[in-house]
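> Starting off with a structure, shown below.
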Amino acid sequence: MRGCAIVAAVVAALQVALFLVSWLITAASPETSVRSLLSNEGIRWFFGTFTSNVASAPLTWIVVAAMAYGALRQSGMISTLAKPKPRTYRQAFALRIVLAELLLFAIIIVVVAFIPHAALLSVTGELFPSSFSICLIPIVAFCVAMISITFGLLTATMRSTAEVFLSLCRGLADATPLIVLHVLIAELYFSLRYVFPL
């Protein structure tokens, strides 16, 4: 957490510095292609594009991966796999069901992405880029969340839909520092692209 706080402070300081540097450069050399974030146009850009700058694919990846992580951690599957046998009957049964679920997910993914004319291939039949490559991280996160929830319900580490929901929320709570960092870094990145157009 402390490391994230330091990185966030550095990124925020760089953003403030970029405001000042862009203004100084444009004031000293108005003929350059550099754009000022403190001009009327720059201020309109900064506030007008903030949402679209932040609402990018990496934010979605962080959110869905965090939810999957929360379910995985709460289910107890990691600790079950890490400890030596013997396992309880419930744990052994749950692991068999999870393996069957993984096999089913693998078959579905092969059908929708890896056979000719599959639904998630691009229009030209390519795998990269395609709908599959764009949603790869959400697909993996969904699979991890589903097998974790299955394991948790079968072993009674999750006993209700409320506990399942809370496990997903706990993952998001753990990822809060990453979400804050994403917001700051994404805005700094797009600000740099605006100030120094390439």
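Starting from 1 in every chain, residues are counted up; chains themselves are A, B, ... following the order of the structure tokens, and ligands are numbered from 1 as listed.
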Which polymer residues have any atom within 7 Å of an atom of Leu168 of chain A, counting only C-alpha atoms, with same-chain residues fewer than 6 positions away left out, as a PyMOL selection string?

chain A and resi 67-68+70-71

> Please produce a file of the residues just selected, as a short mmCIF file (atom, residue, chain, number, x, y, z; two decimals), in the first residue's frame, where the atoms kept are all heavy atoms.


data_model
loop_
_atom_site.label_atom_id
_atom_site.label_comp_id
_atom_site.auth_asym_id
_atom_site.auth_seq_id
_atom_site.Cartn_x
_atom_site.Cartn_y
_atom_site.Cartn_z
N MET A 67 -12.11 -9.05 -9.11
CA MET A 67 -13.27 -9.83 -8.69
C MET A 67 -12.93 -11.32 -8.67
O MET A 67 -13.27 -12.05 -7.73
CB MET A 67 -14.45 -9.55 -9.62
CG MET A 67 -15.00 -8.14 -9.48
SD MET A 67 -16.15 -7.69 -10.79
CE MET A 67 -17.49 -8.81 -10.50
N ALA A 68 -12.24 -11.79 -9.72
CA ALA A 68 -11.84 -13.20 -9.78
C ALA A 68 -10.89 -13.54 -8.64
O ALA A 68 -11.00 -14.60 -8.01
CB ALA A 68 -11.19 -13.50 -11.13
N GLY A 70 -10.72 -12.09 -5.71
CA GLY A 70 -11.48 -12.14 -4.47
C GLY A 70 -12.19 -13.47 -4.28
O GLY A 70 -12.16 -14.06 -3.20
N ALA A 71 -12.81 -13.96 -5.36
CA ALA A 71 -13.51 -15.25 -5.29
C ALA A 71 -12.52 -16.39 -5.06
O ALA A 71 -12.77 -17.29 -4.25
CB ALA A 71 -14.30 -15.48 -6.57
#

> Tell me, as a list in words, which residues lie within 10 Å of Asp174 of chain A, counting only C-alpha atoms; anything in the same chain fewer than 3 positions away does not count.

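Contacts, with the query itself left out: Met1, Ala66, Met67, Tyr69, Gly70, Cys169, Arg170, Gly171, Pro177, Leu178 and Ile179 of chain A.
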
> I'd like the contact shell of Thr157 of chain A - 10 Å cut-off, only C-alpha atoms, skipping same-chain residues fewer than 3 positions apart - returned as a CSV table (one decimal) with C-alpha atoms, in the first residue's frame.


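Ended up saving to part.csv:
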chain,number,residue,atom,x,y,z
A,74,GLN,CA,-12.3,-16.6,-0.4
A,75,SER,CA,-13.0,-20.0,-1.8
A,76,GLY,CA,-10.0,-21.6,-0.1
A,77,MET,CA,-9.0,-23.4,-3.3
A,149,ILE,CA,-17.3,-20.0,-6.6
A,151,PHE,CA,-15.3,-24.8,-5.1
A,152,GLY,CA,-16.4,-22.4,-2.4
A,153,LEU,CA,-20.0,-23.6,-2.5
A,154,LEU,CA,-19.1,-27.3,-2.6
A,160,SER,CA,-24.8,-18.3,0.3
A,163,GLU,CA,-21.1,-14.6,0.7
A,164,VAL,CA,-20.3,-15.1,-3.0

> Please report the interatomic distance between atom CA of Thr155 of chain A and atom CA of Ala100 of chain A in Å with one decimal.

16.1 Å

> Identify all residues of segment 18-187 of chain A in alpha helix (DSSP H) (DSSP on the backbone) and supply them as an mmCIF file with N, CA and C atoms, in the first residue's frame.


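Resulting contents of part.cif:
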data_model
loop_
_atom_site.group_PDB
_atom_site.id
_atom_site.type_symbol
_atom_site.label_atom_id
_atom_site.label_comp_id
_atom_site.auth_asym_id
_atom_site.auth_seq_id
_atom_site.Cartn_x
_atom_site.Cartn_y
_atom_site.Cartn_z
ATOM 1 N N LEU A 18 3.491 18.872 -15.505
ATOM 2 C CA LEU A 18 3.156 18.941 -16.934
ATOM 3 C C LEU A 18 2.297 20.154 -17.237
ATOM 4 N N PHE A 19 1.356 20.465 -16.345
ATOM 5 C CA PHE A 19 0.553 21.685 -16.508
ATOM 6 C C PHE A 19 1.463 22.904 -16.603
ATOM 7 N N LEU A 20 2.405 23.004 -15.670
ATOM 8 C CA LEU A 20 3.277 24.183 -15.618
ATOM 9 C C LEU A 20 4.251 24.213 -16.791
ATOM 10 N N VAL A 21 4.866 23.078 -17.103
ATOM 11 C CA VAL A 21 5.839 23.020 -18.199
ATOM 12 C C VAL A 21 5.185 23.325 -19.538
ATOM 13 N N SER A 22 4.004 22.776 -19.769
ATOM 14 C CA SER A 22 3.313 23.043 -21.042
ATOM 15 C C SER A 22 2.973 24.525 -21.180
ATOM 16 N N TRP A 23 2.594 25.132 -20.079
ATOM 17 C CA TRP A 23 2.285 26.566 -20.112
ATOM 18 C C TRP A 23 3.538 27.394 -20.368
ATOM 19 N N LEU A 24 4.651 27.058 -19.695
ATOM 20 C CA LEU A 24 5.902 27.794 -19.876
ATOM 21 C C LEU A 24 6.430 27.670 -21.301
ATOM 22 N N ILE A 25 6.368 26.437 -21.866
ATOM 23 C CA ILE A 25 6.878 26.234 -23.229
ATOM 24 C C ILE A 25 6.066 27.037 -24.231
ATOM 25 N N THR A 26 4.749 26.987 -24.108
ATOM 26 C CA THR A 26 3.915 27.725 -25.071
ATOM 27 C C THR A 26 4.031 29.234 -24.878
ATOM 28 N N ALA A 27 4.285 29.679 -23.658
ATOM 29 C CA ALA A 27 4.470 31.115 -23.418
ATOM 30 C C ALA A 27 5.797 31.594 -24.002
ATOM 31 N N ALA A 28 6.849 30.779 -23.883
ATOM 32 C CA ALA A 28 8.171 31.150 -24.386
ATOM 33 C C ALA A 28 8.276 30.984 -25.894
ATOM 34 N N ASN A 40 -7.307 27.841 -22.631
ATOM 35 C CA ASN A 40 -8.744 27.526 -22.668
ATOM 36 C C ASN A 40 -8.987 26.176 -23.341
ATOM 37 N N GLU A 41 -8.287 25.964 -24.458
ATOM 38 C CA GLU A 41 -8.422 24.696 -25.181
ATOM 39 C C GLU A 41 -7.938 23.522 -24.333
ATOM 40 N N GLY A 42 -6.797 23.715 -23.652
ATOM 41 C CA GLY A 42 -6.232 22.653 -22.825
ATOM 42 C C GLY A 42 -7.128 22.282 -21.650
ATOM 43 N N ILE A 43 -7.706 23.294 -21.008
ATOM 44 C CA ILE A 43 -8.609 23.036 -19.881
ATOM 45 C C ILE A 43 -9.858 22.305 -20.362
ATOM 46 N N ARG A 44 -10.393 22.757 -21.518
ATOM 47 C CA ARG A 44 -11.571 22.066 -22.086
ATOM 48 C C ARG A 44 -11.221 20.615 -22.404
ATOM 49 N N TRP A 45 -10.034 20.390 -22.989
ATOM 50 C CA TRP A 45 -9.622 19.019 -23.313
ATOM 51 C C TRP A 45 -9.503 18.183 -22.051
ATOM 52 N N PHE A 46 -8.847 18.723 -21.026
ATOM 53 C CA PHE A 46 -8.568 17.955 -19.804
ATOM 54 C C PHE A 46 -9.870 17.481 -19.159
ATOM 55 N N PHE A 47 -10.818 18.375 -19.012
ATOM 56 C CA PHE A 47 -12.072 17.988 -18.362
ATOM 57 C C PHE A 47 -13.027 17.271 -19.306
ATOM 58 N N GLY A 48 -12.997 17.619 -20.576
ATOM 59 C CA GLY A 48 -13.910 17.016 -21.540
ATOM 60 C C GLY A 48 -13.577 15.583 -21.896
ATOM 61 N N PHE A 50 -11.659 13.511 -19.776
ATOM 62 C CA PHE A 50 -11.225 12.780 -18.588
ATOM 63 C C PHE A 50 -11.876 11.403 -18.504
ATOM 64 N N THR A 51 -13.191 11.348 -18.683
ATOM 65 C CA THR A 51 -13.895 10.069 -18.552
ATOM 66 C C THR A 51 -13.435 9.073 -19.601
ATOM 67 N N SER A 52 -13.342 9.503 -20.854
ATOM 68 C CA SER A 52 -12.930 8.575 -21.911
ATOM 69 C C SER A 52 -11.475 8.153 -21.743
ATOM 70 N N ASN A 53 -10.624 9.026 -21.190
ATOM 71 C CA ASN A 53 -9.225 8.665 -20.957
ATOM 72 C C ASN A 53 -9.101 7.570 -19.897
ATOM 73 N N VAL A 54 -9.891 7.689 -18.851
ATOM 74 C CA VAL A 54 -9.795 6.753 -17.728
ATOM 75 C C VAL A 54 -10.537 5.454 -18.017
ATOM 76 N N ALA A 57 -9.621 -0.070 -21.556
ATOM 77 C CA ALA A 57 -9.563 -1.523 -21.350
ATOM 78 C C ALA A 57 -8.798 -1.922 -20.087
ATOM 79 N N PRO A 58 -7.641 -1.300 -19.777
ATOM 80 C CA PRO A 58 -6.934 -1.726 -18.559
ATOM 81 C C PRO A 58 -7.766 -1.587 -17.281
ATOM 82 N N LEU A 59 -8.624 -0.579 -17.214
ATOM 83 C CA LEU A 59 -9.482 -0.442 -16.029
ATOM 84 C C LEU A 59 -10.432 -1.626 -15.920
ATOM 85 N N THR A 60 -11.003 -2.032 -17.037
ATOM 86 C CA THR A 60 -11.880 -3.206 -17.046
ATOM 87 C C THR A 60 -11.120 -4.449 -16.631
ATOM 88 N N TRP A 61 -9.894 -4.586 -17.133
ATOM 89 C CA TRP A 61 -9.077 -5.752 -16.772
ATOM 90 C C TRP A 61 -8.805 -5.785 -15.270
ATOM 91 N N ILE A 62 -8.480 -4.626 -14.695
ATOM 92 C CA ILE A 62 -8.221 -4.566 -13.254
ATOM 93 C C ILE A 62 -9.459 -4.982 -12.476
ATOM 94 N N VAL A 63 -10.622 -4.470 -12.878
ATOM 95 C CA VAL A 63 -11.868 -4.743 -12.149
ATOM 96 C C VAL A 63 -12.217 -6.227 -12.204
ATOM 97 N N VAL A 64 -12.222 -6.818 -13.414
ATOM 98 C CA VAL A 64 -12.638 -8.219 -13.518
ATOM 99 C C VAL A 64 -11.602 -9.158 -12.898
ATOM 100 N N ALA A 65 -10.316 -8.827 -13.033
ATOM 101 C CA ALA A 65 -9.276 -9.656 -12.411
ATOM 102 C C ALA A 65 -9.368 -9.579 -10.888
ATOM 103 N N ALA A 66 -9.681 -8.410 -10.363
ATOM 104 C CA ALA A 66 -9.820 -8.258 -8.912
ATOM 105 C C ALA A 66 -11.006 -9.059 -8.383
ATOM 106 N N MET A 67 -12.105 -9.047 -9.109
ATOM 107 C CA MET A 67 -13.271 -9.833 -8.690
ATOM 108 C C MET A 67 -12.929 -11.324 -8.672
ATOM 109 N N ALA A 68 -12.236 -11.786 -9.719
ATOM 110 C CA ALA A 68 -11.842 -13.201 -9.780
ATOM 111 C C ALA A 68 -10.886 -13.543 -8.641
ATOM 112 N N TYR A 69 -9.952 -12.642 -8.356
ATOM 113 C CA TYR A 69 -8.999 -12.865 -7.267
ATOM 114 C C TYR A 69 -9.726 -12.965 -5.922
ATOM 115 N N GLY A 70 -10.717 -12.094 -5.713
ATOM 116 C CA GLY A 70 -11.476 -12.140 -4.469
ATOM 117 C C GLY A 70 -12.190 -13.467 -4.283
ATOM 118 N N ALA A 71 -12.813 -13.956 -5.364
ATOM 119 C CA ALA A 71 -13.505 -15.246 -5.288
ATOM 120 C C ALA A 71 -12.518 -16.387 -5.058
ATOM 121 N N LEU A 72 -11.384 -16.326 -5.751
ATOM 122 C CA LEU A 72 -10.367 -17.384 -5.612
ATOM 123 C C LEU A 72 -9.824 -17.434 -4.185
ATOM 124 N N ARG A 73 -9.525 -16.281 -3.628
ATOM 125 C CA ARG A 73 -8.973 -16.232 -2.272
ATOM 126 C C ARG A 73 -9.997 -16.687 -1.230
ATOM 127 N N GLN A 74 -11.238 -16.227 -1.392
ATOM 128 C CA GLN A 74 -12.274 -16.554 -0.415
ATOM 129 C C GLN A 74 -12.676 -18.027 -0.474
ATOM 130 N N SER A 75 -12.555 -18.632 -1.643
ATOM 131 C CA SER A 75 -12.992 -20.025 -1.803
ATOM 132 C C SER A 75 -12.130 -21.008 -1.028
ATOM 133 N N MET A 77 -9.507 -22.426 -2.342
ATOM 134 C CA MET A 77 -8.958 -23.393 -3.288
ATOM 135 C C MET A 77 -7.428 -23.349 -3.323
ATOM 136 N N ILE A 78 -6.857 -22.163 -3.208
ATOM 137 C CA ILE A 78 -5.394 -22.047 -3.249
ATOM 138 C C ILE A 78 -4.770 -22.792 -2.075
ATOM 139 N N SER A 79 -5.313 -22.577 -0.879
ATOM 140 C CA SER A 79 -4.749 -23.253 0.300
ATOM 141 C C SER A 79 -4.965 -24.764 0.228
ATOM 142 N N THR A 80 -6.074 -25.178 -0.377
ATOM 143 C CA THR A 80 -6.334 -26.616 -0.528
ATOM 144 C C THR A 80 -5.324 -27.252 -1.475
ATOM 145 N N LEU A 81 -5.036 -26.574 -2.584
ATOM 146 C CA LEU A 81 -4.075 -27.104 -3.546
ATOM 147 C C LEU A 81 -2.648 -27.057 -2.999
ATOM 148 N N ALA A 82 -2.374 -26.080 -2.136
ATOM 149 C CA ALA A 82 -1.016 -25.913 -1.620
ATOM 150 C C ALA A 82 -0.670 -26.922 -0.535
ATOM 151 N N TYR A 89 -13.194 -35.174 2.052
ATOM 152 C CA TYR A 89 -14.003 -35.685 0.946
ATOM 153 C C TYR A 89 -14.601 -34.531 0.147
ATOM 154 N N ARG A 90 -15.085 -33.523 0.867
ATOM 155 C CA ARG A 90 -15.683 -32.366 0.175
ATOM 156 C C ARG A 90 -14.671 -31.682 -0.733
ATOM 157 N N GLN A 91 -13.465 -31.488 -0.237
ATOM 158 C CA GLN A 91 -12.434 -30.825 -1.034
ATOM 159 C C GLN A 91 -12.066 -31.644 -2.267
ATOM 160 N N ALA A 92 -11.903 -32.953 -2.088
ATOM 161 C CA ALA A 92 -11.556 -33.819 -3.221
ATOM 162 C C ALA A 92 -12.674 -33.824 -4.258
ATOM 163 N N PHE A 93 -13.928 -33.891 -3.792
ATOM 164 C CA PHE A 93 -15.067 -33.876 -4.705
ATOM 165 C C PHE A 93 -15.139 -32.533 -5.442
ATOM 166 N N ALA A 94 -14.946 -31.444 -4.690
ATOM 167 C CA ALA A 94 -15.002 -30.111 -5.299
ATOM 168 C C ALA A 94 -13.911 -29.946 -6.358
ATOM 169 N N LEU A 95 -12.719 -30.466 -6.098
ATOM 170 C CA LEU A 95 -11.636 -30.367 -7.088
ATOM 171 C C LEU A 95 -11.966 -31.141 -8.355
ATOM 172 N N ARG A 96 -12.631 -32.292 -8.213
ATOM 173 C CA ARG A 96 -13.041 -33.053 -9.412
ATOM 174 C C ARG A 96 -14.056 -32.252 -10.231
ATOM 175 N N ILE A 97 -15.010 -31.638 -9.561
ATOM 176 C CA ILE A 97 -16.018 -30.825 -10.263
ATOM 177 C C ILE A 97 -15.358 -29.625 -10.942
ATOM 178 N N VAL A 98 -14.406 -29.019 -10.253
ATOM 179 C CA VAL A 98 -13.690 -27.871 -10.823
ATOM 180 C C VAL A 98 -12.910 -28.289 -12.068
ATOM 181 N N LEU A 99 -12.274 -29.452 -12.037
ATOM 182 C CA LEU A 99 -11.561 -29.949 -13.220
ATOM 183 C C LEU A 99 -12.519 -30.182 -14.391
ATOM 184 N N ALA A 100 -13.691 -30.722 -14.097
ATOM 185 C CA ALA A 100 -14.700 -30.926 -15.140
ATOM 186 C C ALA A 100 -15.164 -29.583 -15.701
ATOM 187 N N GLU A 101 -15.323 -28.607 -14.807
ATOM 188 C CA GLU A 101 -15.734 -27.269 -15.230
ATOM 189 C C GLU A 101 -14.678 -26.634 -16.123
ATOM 190 N N LEU A 102 -13.409 -26.793 -15.745
ATOM 191 C CA LEU A 102 -12.315 -26.265 -16.562
ATOM 192 C C LEU A 102 -12.294 -26.906 -17.942
ATOM 193 N N LEU A 103 -12.525 -28.203 -17.991
ATOM 194 C CA LEU A 103 -12.581 -28.906 -19.272
ATOM 195 C C LEU A 103 -13.716 -28.374 -20.133
ATOM 196 N N LEU A 104 -14.869 -28.143 -19.520
ATOM 197 C CA LEU A 104 -16.017 -27.589 -20.242
ATOM 198 C C LEU A 104 -15.702 -26.200 -20.779
ATOM 199 N N PHE A 105 -15.090 -25.344 -19.940
ATOM 200 C CA PHE A 105 -14.708 -24.006 -20.384
ATOM 201 C C PHE A 105 -13.725 -24.080 -21.551
ATOM 202 N N ALA A 106 -12.757 -24.993 -21.461
ATOM 203 C CA ALA A 106 -11.763 -25.139 -22.526
ATOM 204 C C ALA A 106 -12.426 -25.538 -23.840
ATOM 205 N N ILE A 107 -13.385 -26.464 -23.777
ATOM 206 C CA ILE A 107 -14.105 -26.897 -24.984
ATOM 207 C C ILE A 107 -14.879 -25.736 -25.591
ATOM 208 N N ILE A 108 -15.558 -24.965 -24.738
ATOM 209 C CA ILE A 108 -16.341 -23.819 -25.226
ATOM 210 C C ILE A 108 -15.421 -22.803 -25.896
ATOM 211 N N ILE A 109 -14.278 -22.517 -25.271
ATOM 212 C CA ILE A 109 -13.344 -21.541 -25.839
ATOM 213 C C ILE A 109 -12.805 -22.024 -27.180
ATOM 214 N N VAL A 110 -12.480 -23.312 -27.281
ATOM 215 C CA VAL A 110 -12.006 -23.857 -28.562
ATOM 216 C C VAL A 110 -13.076 -23.703 -29.630
ATOM 217 N N VAL A 111 -14.325 -23.986 -29.286
ATOM 218 C CA VAL A 111 -15.422 -23.911 -30.261
ATOM 219 C C VAL A 111 -15.659 -22.484 -30.732
ATOM 220 N N VAL A 112 -15.609 -21.509 -29.814
ATOM 221 C CA VAL A 112 -15.943 -20.135 -30.198
ATOM 222 C C VAL A 112 -14.746 -19.328 -30.694
ATOM 223 N N ALA A 113 -13.512 -19.877 -30.561
ATOM 224 C CA ALA A 113 -12.361 -19.067 -30.950
ATOM 225 C C ALA A 113 -11.327 -19.761 -31.824
ATOM 226 N N SER A 131 -12.262 -10.479 -31.546
ATOM 227 C CA SER A 131 -13.069 -10.345 -30.338
ATOM 228 C C SER A 131 -12.493 -11.192 -29.215
ATOM 229 N N PHE A 132 -11.923 -12.339 -29.565
ATOM 230 C CA PHE A 132 -11.329 -13.215 -28.553
ATOM 231 C C PHE A 132 -10.137 -12.554 -27.886
ATOM 232 N N SER A 133 -9.223 -11.978 -28.669
ATOM 233 C CA SER A 133 -8.029 -11.362 -28.084
ATOM 234 C C SER A 133 -8.395 -10.141 -27.251
ATOM 235 N N ILE A 134 -9.427 -9.417 -27.665
ATOM 236 C CA ILE A 134 -9.852 -8.234 -26.917
ATOM 237 C C ILE A 134 -10.416 -8.621 -25.549
ATOM 238 N N LEU A 136 -9.805 -11.517 -23.848
ATOM 239 C CA LEU A 136 -9.080 -12.647 -23.262
ATOM 240 C C LEU A 136 -9.000 -12.561 -21.736
ATOM 241 N N ILE A 137 -8.621 -11.394 -21.221
ATOM 242 C CA ILE A 137 -8.501 -11.251 -19.763
ATOM 243 C C ILE A 137 -9.859 -11.400 -19.079
ATOM 244 N N PRO A 138 -10.946 -10.757 -19.575
ATOM 245 C CA PRO A 138 -12.252 -11.026 -18.958
ATOM 246 C C PRO A 138 -12.677 -12.493 -19.020
ATOM 247 N N ILE A 139 -12.344 -13.197 -20.113
ATOM 248 C CA ILE A 139 -12.694 -14.621 -20.213
ATOM 249 C C ILE A 139 -11.971 -15.423 -19.133
ATOM 250 N N VAL A 140 -10.668 -15.174 -18.986
ATOM 251 C CA VAL A 140 -9.885 -15.886 -17.964
ATOM 252 C C VAL A 140 -10.414 -15.553 -16.574
ATOM 253 N N ALA A 141 -10.710 -14.274 -16.337
ATOM 254 C CA ALA A 141 -11.221 -13.859 -15.027
ATOM 255 C C ALA A 141 -12.562 -14.521 -14.733
ATOM 256 N N PHE A 142 -13.425 -14.602 -15.742
ATOM 257 C CA PHE A 142 -14.730 -15.251 -15.561
ATOM 258 C C PHE A 142 -14.550 -16.724 -15.201
ATOM 259 N N CYS A 143 -13.655 -17.409 -15.918
ATOM 260 C CA CYS A 143 -13.405 -18.828 -15.633
ATOM 261 C C CYS A 143 -12.876 -19.026 -14.221
ATOM 262 N N VAL A 144 -11.921 -18.192 -13.814
ATOM 263 C CA VAL A 144 -11.356 -18.297 -12.461
ATOM 264 C C VAL A 144 -12.429 -18.035 -11.416
ATOM 265 N N ALA A 145 -13.247 -17.004 -11.636
ATOM 266 C CA ALA A 145 -14.312 -16.683 -10.676
ATOM 267 C C ALA A 145 -15.311 -17.826 -10.571
ATOM 268 N N MET A 146 -15.694 -18.408 -11.710
ATOM 269 C CA MET A 146 -16.698 -19.474 -11.693
ATOM 270 C C MET A 146 -16.186 -20.728 -10.994
ATOM 271 N N ILE A 147 -14.960 -21.142 -11.285
ATOM 272 C CA ILE A 147 -14.455 -22.355 -10.624
ATOM 273 C C ILE A 147 -14.227 -22.099 -9.132
ATOM 274 N N SER A 148 -13.855 -20.870 -8.788
ATOM 275 C CA SER A 148 -13.658 -20.534 -7.383
ATOM 276 C C SER A 148 -14.979 -20.563 -6.623
ATOM 277 N N ILE A 149 -16.008 -19.998 -7.236
ATOM 278 C CA ILE A 149 -17.328 -19.995 -6.598
ATOM 279 C C ILE A 149 -17.848 -21.424 -6.458
ATOM 280 N N THR A 150 -17.661 -22.225 -7.500
ATOM 281 C CA THR A 150 -18.074 -23.632 -7.430
ATOM 282 C C THR A 150 -17.368 -24.340 -6.284
ATOM 283 N N PHE A 151 -16.050 -24.161 -6.207
ATOM 284 C CA PHE A 151 -15.274 -24.796 -5.141
ATOM 285 C C PHE A 151 -15.734 -24.303 -3.768
ATOM 286 N N GLY A 152 -15.941 -23.006 -3.646
ATOM 287 C CA GLY A 152 -16.361 -22.438 -2.373
ATOM 288 C C GLY A 152 -17.713 -22.944 -1.913
ATOM 289 N N LEU A 153 -18.661 -23.063 -2.847
ATOM 290 C CA LEU A 153 -19.992 -23.553 -2.485
ATOM 291 C C LEU A 153 -19.964 -25.033 -2.128
ATOM 292 N N LEU A 154 -19.169 -25.811 -2.863
ATOM 293 C CA LEU A 154 -19.109 -27.256 -2.597
ATOM 294 C C LEU A 154 -18.373 -27.584 -1.303
ATOM 295 N N THR A 155 -17.426 -26.746 -0.915
ATOM 296 C CA THR A 155 -16.682 -27.005 0.330
ATOM 297 C C THR A 155 -17.231 -26.202 1.504
ATOM 298 N N THR A 161 -25.460 -16.874 -1.533
ATOM 299 C CA THR A 161 -25.190 -15.918 -2.611
ATOM 300 C C THR A 161 -24.607 -14.625 -2.047
ATOM 301 N N ALA A 162 -24.997 -14.279 -0.815
ATOM 302 C CA ALA A 162 -24.444 -13.069 -0.183
ATOM 303 C C ALA A 162 -22.939 -13.215 0.031
ATOM 304 N N GLU A 163 -22.493 -14.393 0.461
ATOM 305 C CA GLU A 163 -21.059 -14.612 0.667
ATOM 306 C C GLU A 163 -20.304 -14.633 -0.663
ATOM 307 N N VAL A 164 -20.933 -15.163 -1.703
ATOM 308 C CA VAL A 164 -20.316 -15.136 -3.035
ATOM 309 C C VAL A 164 -20.138 -13.695 -3.481
ATOM 310 N N PHE A 165 -21.188 -12.899 -3.318
ATOM 311 C CA PHE A 165 -21.149 -11.490 -3.709
ATOM 312 C C PHE A 165 -20.072 -10.743 -2.923
ATOM 313 N N LEU A 166 -20.001 -11.011 -1.618
ATOM 314 C CA LEU A 166 -18.999 -10.347 -0.780
ATOM 315 C C LEU A 166 -17.580 -10.727 -1.186
ATOM 316 N N SER A 167 -17.385 -11.981 -1.631
ATOM 317 C CA SER A 167 -16.044 -12.382 -2.066
ATOM 318 C C SER A 167 -15.602 -11.578 -3.284
ATOM 319 N N LEU A 168 -16.535 -11.327 -4.198
ATOM 320 C CA LEU A 168 -16.221 -10.511 -5.374
ATOM 321 C C LEU A 168 -15.908 -9.075 -4.956
ATOM 322 N N CYS A 169 -16.669 -8.571 -3.986
ATOM 323 C CA CYS A 169 -16.447 -7.202 -3.497
ATOM 324 C C CYS A 169 -15.116 -7.072 -2.773
ATOM 325 N N ARG A 170 -14.734 -8.092 -2.029
ATOM 326 C CA ARG A 170 -13.449 -8.047 -1.311
ATOM 327 C C ARG A 170 -12.287 -7.957 -2.294
ATOM 328 N N GLY A 171 -12.424 -8.651 -3.411
ATOM 329 C CA GLY A 171 -11.385 -8.545 -4.434
ATOM 330 C C GLY A 171 -11.265 -7.126 -4.955
ATOM 331 N N LEU A 172 -12.403 -6.468 -5.154
ATOM 332 C CA LEU A 172 -12.388 -5.077 -5.613
ATOM 333 C C LEU A 172 -11.773 -4.169 -4.555
ATOM 334 N N ALA A 173 -12.075 -4.434 -3.292
ATOM 335 C CA ALA A 173 -11.498 -3.626 -2.212
ATOM 336 C C ALA A 173 -9.975 -3.757 -2.201
ATOM 337 N N ASP A 174 -9.483 -4.970 -2.429
ATOM 338 C CA ASP A 174 -8.033 -5.181 -2.465
ATOM 339 C C ASP A 174 -7.386 -4.467 -3.644
ATOM 340 N N THR A 176 -8.328 -1.578 -4.945
ATOM 341 C CA THR A 176 -8.555 -0.131 -4.937
ATOM 342 C C THR A 176 -7.285 0.671 -5.219
ATOM 343 N N PRO A 177 -6.134 0.334 -4.616
ATOM 344 C CA PRO A 177 -4.923 1.098 -4.944
ATOM 345 C C PRO A 177 -4.567 1.039 -6.427
ATOM 346 N N LEU A 178 -4.774 -0.115 -7.053
ATOM 347 C CA LEU A 178 -4.479 -0.237 -8.486
ATOM 348 C C LEU A 178 -5.422 0.613 -9.322
ATOM 349 N N ILE A 179 -6.680 0.698 -8.892
ATOM 350 C CA ILE A 179 -7.650 1.511 -9.624
ATOM 351 C C ILE A 179 -7.268 2.989 -9.539
ATOM 352 N N VAL A 180 -6.882 3.437 -8.345
ATOM 353 C CA VAL A 180 -6.454 4.832 -8.179
ATOM 354 C C VAL A 180 -5.226 5.108 -9.042
ATOM 355 N N LEU A 181 -4.251 4.183 -9.017
ATOM 356 C CA LEU A 181 -3.055 4.355 -9.851
ATOM 357 C C LEU A 181 -3.411 4.405 -11.330
ATOM 358 N N HIS A 182 -4.338 3.550 -11.741
ATOM 359 C CA HIS A 182 -4.745 3.549 -13.145
ATOM 360 C C HIS A 182 -5.291 4.907 -13.557
ATOM 361 N N VAL A 183 -6.162 5.480 -12.723
ATOM 362 C CA VAL A 183 -6.753 6.788 -13.043
ATOM 363 C C VAL A 183 -5.661 7.831 -13.223
ATOM 364 N N LEU A 184 -4.716 7.883 -12.290
ATOM 365 C CA LEU A 184 -3.652 8.890 -12.353
ATOM 366 C C LEU A 184 -2.721 8.663 -13.543
ATOM 367 N N ILE A 185 -2.311 7.422 -13.748
ATOM 368 C CA ILE A 185 -1.369 7.123 -14.839
ATOM 369 C C ILE A 185 -2.021 7.319 -16.202
ATOM 370 N N ALA A 186 -3.275 6.889 -16.344
ATOM 371 C CA ALA A 186 -3.959 7.048 -17.629
ATOM 372 C C ALA A 186 -4.098 8.522 -17.990
ATOM 373 N N GLU A 187 -4.452 9.347 -17.011
ATOM 374 C CA GLU A 187 -4.620 10.774 -17.308
ATOM 375 C C GLU A 187 -3.283 11.431 -17.618
#

> Atom CA of Ser33 of chain A and atom CA of Val16 of chain A, how far apart in Å?

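Taking atom CA of Val16 of chain A as the start and atom CA of Ser33 of chain A as the end point, the length is 20.1 Å.
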